[in-house]
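Since the structure comes first, as structure tokens, the remarks are kept for the end.
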Amino acid sequence: MTVPKHFKLNTGALMPSYGLGTWLSEPGEVGQAVEIALRNGYNHIDGAAIYQNEPEIGQVLTRLFNDGVIKREDLFYTSKLWNSFHRQDAVEPALDSTLKDLQLKYLDLYLMHWPVAIARDIGLGFKREGENTPAFDDEVTVKDTWGAMEKLVDTGKARAIGVSNFSVAELKDLLTYAKIKPAVNQVECHPYLPQPDLVQFCKDNGIIVTAYSPLGNPGFSKQDLLKHLTDVAPPVLECPEILKVAEKHQCSAGQVCISWQVHRGVVVIPKSVKENRIKENGTLVALDDDDMAMIRSIKTRGRFLDIERVFGRDVFGEERKYGADLEAKRAHEG
């Protein structure tokens, strides 16, 4: 199979099939990672206000533009609206703040980070100091926020808009009133959480899926990993089926996971701050039907970003199909 370099959004724009994720990239490291990526063939960077590292990214982008390393029109930059800025009068100011941090005039893609709103005074955080759970702003609906985001397209500050962490049910609801269809839905997606129903629904409705944590969050310890899986299994990058495909193509397990997603029509944004890993992740491999079938045969399921423990709500709903098995496993373990 030929490895696609881009996917066409429902706006007509081309979105690179892979990019550099910047979640959990620390200040002092993220700028260097972005520069390494852009000097080595990447032209897609994924960020967010809540990551609190975009000012450093902006400094690097400005320098690379000025040095002629990359042109603004050749860069695809994605950022995200944080939950505390969902009220309609807060949406455009939040984007303006992001653009100021990045020293950009527009974003190629702006996403609603989560389908939940929290109190505006929380700012770039999850909860108020001293409180255990977020203060939800339930007076604000996704419909309210999406309407404000649609207006951003008219300003030219966001070339495309989309969502993140939306389930099929949430997308179906959004599509009943959206004047502008979301271009992208960014979700956790990897061989232990392939989300076939969600990916197919998005394809059927002209929405591109972007996969975050495409390597299965290798930062998890094996002990922590087992809390999130339906059975006893190794980390994704040590999964036997993945390793068999990697051995066949003489490449890394990470390259297999990334290439598998792109062959499925899914955009991938692996995160790294290590030069060798960034270069390796940007070298995709042409997989064949046998390889794809091998990865589909993996039975282990698990979601590593257990945001319910942070939000106190089951945001994912129907997509947590592995949840009953996971709870049964935990109950059996006592």
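Ordered as shown in the structure tokens, chains take letters A, B, and onward, while each chain numbers its residues from 1 and ligands are numbered from 1 in the order shown.
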Find the nearest atom pair between each residue of range 7-41 of chain A and range 162-185 of chain A for residues within 12 Å, count only C-alpha atoms, give distances in Å to one decimal, sort rows by chain and ascending number, and present the table as a tab-separated table.
residue	atom	partner	partner_atom	distance
A:Phe7	CA	A:Val184	CA	10.9
A:Lys8	CA	A:Ala183	CA	9.5
A:Leu9	CA	A:Ala183	CA	5.8
A:Asn10	CA	A:Ala183	CA	5.8
A:Thr11	CA	A:Ala183	CA	7.1
A:Gly12	CA	A:Ala183	CA	9.8
A:Ala13	CA	A:Ala183	CA	9.8
A:Leu14	CA	A:Ala183	CA	11.0
A:Met15	CA	A:Val184	CA	9.9
Pick out the residues sitting within 9 Å of Thr2 in chain A, and hand them over as a list in words; count only C-alpha atoms, and ignore anything fewer than 6 positions along from it in its own chain.
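Here the answer would be His263, Val285, Ala286 and Leu287 of chain A.
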Val199 in chain A: which residues within 9 Å, counting only C-alpha atoms, same-chain residues fewer than 5 positions away excluded, as JSON, numbers by chain?
{"A": [194, 204, 207, 208, 209, 264, 265, 266]}
Saved selection, atoms kept: N, CA and C atoms, as an mmCIF file, in the first residue's frame:
data_model
loop_
_atom_site.group_PDB
_atom_site.id
_atom_site.type_symbol
_atom_site.label_atom_id
_atom_site.label_comp_id
_atom_site.auth_asym_id
_atom_site.auth_seq_id
_atom_site.Cartn_x
_atom_site.Cartn_y
_atom_site.Cartn_z
ATOM 1 N N PRO A 194 -8.625 0.724 19.036
ATOM 2 C CA PRO A 194 -8.710 1.085 17.613
ATOM 3 C C PRO A 194 -9.951 1.878 17.235
ATOM 4 N N ASP A 204 -17.805 8.145 7.269
ATOM 5 C CA ASP A 204 -19.109 8.241 6.608
ATOM 6 C C ASP A 204 -19.642 9.667 6.599
ATOM 7 N N ILE A 207 -15.556 13.432 8.319
ATOM 8 C CA ILE A 207 -14.771 13.958 9.433
ATOM 9 C C ILE A 207 -13.483 13.143 9.545
ATOM 10 N N ILE A 208 -12.342 13.811 9.556
ATOM 11 C CA ILE A 208 -11.062 13.125 9.709
ATOM 12 C C ILE A 208 -10.819 12.829 11.189
ATOM 13 N N VAL A 209 -10.347 11.640 11.480
ATOM 14 C CA VAL A 209 -9.961 11.285 12.843
ATOM 15 C C VAL A 209 -8.463 11.524 13.012
ATOM 16 N N ARG A 264 -5.216 3.417 7.736
ATOM 17 C CA ARG A 264 -6.650 3.400 8.057
ATOM 18 C C ARG A 264 -7.320 4.726 7.722
ATOM 19 N N GLY A 265 -6.548 5.706 7.290
ATOM 20 C CA GLY A 265 -7.106 7.024 7.007
ATOM 21 C C GLY A 265 -7.148 7.924 8.219
ATOM 22 N N VAL A 266 -6.347 7.595 9.245
ATOM 23 C CA VAL A 266 -6.316 8.336 10.499
ATOM 24 C C VAL A 266 -5.020 9.146 10.584
#
Using only C-alpha atoms: which of A:Thr22, A:Ser84, A:Asn217, A:Asn40 has the shortest distance to Pro134 in chain A:
A:Ser84
Between A:Phe316, A:Tyr51, A:Tyr77, A:Phe311, single out the one closest to Pro16 in chain A, counting only C-alpha atoms.
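Nearest candidate to Pro16 in chain A out of A:Phe316, A:Tyr51, A:Tyr77, A:Phe311: A:Tyr77.
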Quick one: everything within 8 Å of Glu150 in chain A, counting only C-alpha atoms, minus sequence neighbours fewer than 2 positions away in the same chain. Send it as a PyMOL selection string.
chain A and resi 146-148+152-154+161+179-180
Pick out the closest residue to Leu107 in chain A from this set: A:Ile70, A:Leu229, A:Ala160, A:Met1. Count only C-alpha atoms.
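Of A:Ile70, A:Leu229, A:Ala160, A:Met1, the one nearest Leu107 in chain A is A:Ala160, counting only C-alpha atoms.
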Need the shell around Asn132 in chain A: protein/DNA/RNA residues with any atom at most 10 Å away, counting only C-alpha atoms. Skip same-chain ones fewer than 5 positions apart. Format as an NGL selection string?
:A and (126-127 or 310-312)
From the set A:Glu35, A:Asp89, A:Glu188, A:Glu247, which residue has the shortest atom-to-atom contact distance to Met149 in chain A, counting only C-alpha atoms?
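Closest candidate: A:Asp89.
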So which bits of range 63-292 of chain A end up strand (DSSP E) when you DSSP the backbone, as a ChimeraX atom specification?
/A:76-81,109-112,161-164,184-188,208-212,267-268
I need the residue nearest Cys251 in chain A from this list: A:Tyr212, A:Thr283, A:Glu131, A:Ala117. Use only C-alpha atoms for the distance.
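Using only C-alpha atoms, the shortest distance to Cys251 in chain A belongs to A:Thr283.
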Determine which residues of range 15-182 of chain A receive a DSSP assignment of alpha helix (DSSP H), computed from the backbone, and state them as a VMD selection string.
chain A and resid 30 to 38 54 to 66 88 to 102 142 to 155 168 to 175
